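Report on one structure; see the data block that follows.
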Amino acid sequence: MSLTRRSTLAALGGGLIAAAAAGPRAALAQASPPLRIEITEGVVEPMPFAVAAFLPETPGVAEAAANVARVVAADLAGTGLFREIAPSAHRGLVTSFDAPVAFAAWRALGAQALVTGAVAAEAGGRLAVKFRLHDIQTGREVGEGLRFRGGAELWRRLAHKVADAVYARITGEGGYFDSQVVYVAEQGPKDARRKRLAIMDYDGANPRYLTEARALVLGPRFAPAGDRVLFTSFERGFPRIFLLDLASGQRRALEDQPGTMAFSPRFGPDGRTVVFSLEQGGNSEIFTLDLASGRRTRLTTHPGIDTSPCFSPDGSRIVFESDRSGRQQLYVMPAEGGEPRRISFGEGRYATPVWSPRGDLIAFTKQNAGRFHIGVMRPDGSGERLLTASFLDEGPSWAPNGRVILFARETAGAGGAPGLFSVDISGRNLRPVPTETFASDPAWSPLLP
């Protein structure tokens, strides 16, 4: 860890949640050098930090203030980069948002970073949450204080916004807390699971169901704007791709042609193009579909099975899996089609590739010697690293900042059940993600607006 100068974080948020400078001291803080954690592939000693109790500035918001502070702390501690100092150790140290910080007392507790905040009720049932980040070692405020506003029911989002801002200031990376996960919720015995689409906050809170359990559903994937979801459904007896609008709940079938099976869809970075697999006559190839015109374009022509395509973030290339070499391997080709180039050459089988939103890595599932792994490699195939190993790990999905991977893990045996886990790209901080049912096939949204 080191201290280094960084420009002031711009105001975050939009729509229902807005941000502004919080308090008269914000302008003076602009020149303050912030804390910094350099995120590398090595082991990082977590930074000791504290989240002081957020102060209620108007009547009736004490519970909301306490809840916001706890979510901020949980978000930061959950990254593995920060170690929280227990609130009981510093209760009463902060009694006013604008009072001077007792830096010597916080140093005595071993804190390197301190988050202070306050919550107030505003007209129309809205909450205003403001915060400051303090560098305990230098005795300075880091960047400008910010204020986020939103409906009282959005208090968790307000907390995630605060945590994203703190995370960004200390790491120099974008945050990922104010986001959602869509997944397949599973219930019932292993040989007769009922599956339906569900969506929740990134940390498992606020789950809700998007489809009924009448038919098997697979592989949900977010649009780049987070407003729509693609998925595969067997409700007509064979796999078909559906497009679901999250705001209206309306959905429509794509590629509904007799004698074919369509599956493994993903959006292109423009949100107007879908890349997917289409099986016809026993052969699976990769196609794109223009959502506006319905025009379909074939990208591969090979007797092998080509599937699980994913665009690069700039839309110039597509990574996919194929058994054209005799077993499942990963290939990259131009987005308009053309000769694919194989990028995986290790032992075992490679599947479900997905490009990082940063464009620097490709995550994948690997099966070798009776074990499943989640791994990453560079787009040219170099630098392969396996991050996990278990009876069954599969289906990686990237956090919006490209630094954490979400995936499904299933336990062995007759009572084995799938659940969601996350791991950072160094292979550290493997954590279960709570869900109210069994869960599989996760997909991480972009940051919410």
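Numbering starts fresh at 1 for the residues of each chain in the structure tokens, the chains themselves are lettered A, B, ... in the order given, and ligands are numbered from 1 as they appear.
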
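All residues of stretch 32-98 of chain A that DSSP, run on the backbone, classes as strand (DSSP E or B) are Leu35, Arg36, Met47, Pro48, Phe49, Ala50, Val51, Leu55, Pro56, Phe82, Arg83 and Glu84 of chain A.
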
_At a cut-off of 9 Å, using only C-alpha atoms, what residues contact A:Pro207? Leave out same-chain residues fewer than 5 positions from it and give the result as a list in words._
Ala198, Ile199, Met200, Asp201, Thr435 and Glu436 of chain A

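Residues in contact range of A:Ala351, defined as at most 9 Å between only C-alpha atoms, with sequence neighbours fewer than 2 positions away removed, read Thr307, Ser308, Phe320, Glu321, Ser322, Gln328, Gln329, Leu330, Arg349, Pro353, Phe364, Thr365, Lys366, Gln367, Glu394 and Gly395 of chain A.
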
Keeping C-alpha atoms, export the residues of the selection given above as a PDB file, in the first residue's frame.
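Saved as selection-v2.pdb:
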```pdb
ATOM      1  CA  THR A 307     -20.733 -22.289 -29.107  1.00  0.00           C
ATOM      2  CA  SER A 308     -20.567 -19.899 -26.110  1.00  0.00           C
ATOM      3  CA  PHE A 320     -15.893 -18.850 -28.360  1.00  0.00           C
ATOM      4  CA  GLU A 321     -15.424 -22.519 -27.564  1.00  0.00           C
ATOM      5  CA  SER A 322     -15.163 -25.251 -30.175  1.00  0.00           C
ATOM      6  CA  GLN A 328     -13.190 -28.175 -26.287  1.00  0.00           C
ATOM      7  CA  GLN A 329     -10.764 -25.283 -26.734  1.00  0.00           C
ATOM      8  CA  LEU A 330     -11.030 -21.508 -26.920  1.00  0.00           C
ATOM      9  CA  ARG A 349     -11.124 -28.898 -21.789  1.00  0.00           C
ATOM     10  CA  PRO A 353     -15.251 -17.935 -22.219  1.00  0.00           C
ATOM     11  CA  PHE A 364     -13.233 -19.484 -18.673  1.00  0.00           C
ATOM     12  CA  THR A 365     -14.257 -22.827 -17.207  1.00  0.00           C
ATOM     13  CA  LYS A 366     -11.668 -25.600 -17.362  1.00  0.00           C
ATOM     14  CA  GLN A 367     -12.110 -29.324 -16.745  1.00  0.00           C
ATOM     15  CA  GLU A 394     -18.507 -23.182 -14.070  1.00  0.00           C
ATOM     16  CA  GLY A 395     -19.987 -20.141 -15.796  1.00  0.00           C
TER      17      GLY A 395
END
```

_Filtered DSSP result for stretch 83-287 of chain A, state helix (DSSP H, G or I), as number ranges by chain_ = A: 87-89, 103-108, 123-125, 152-171, 190-192
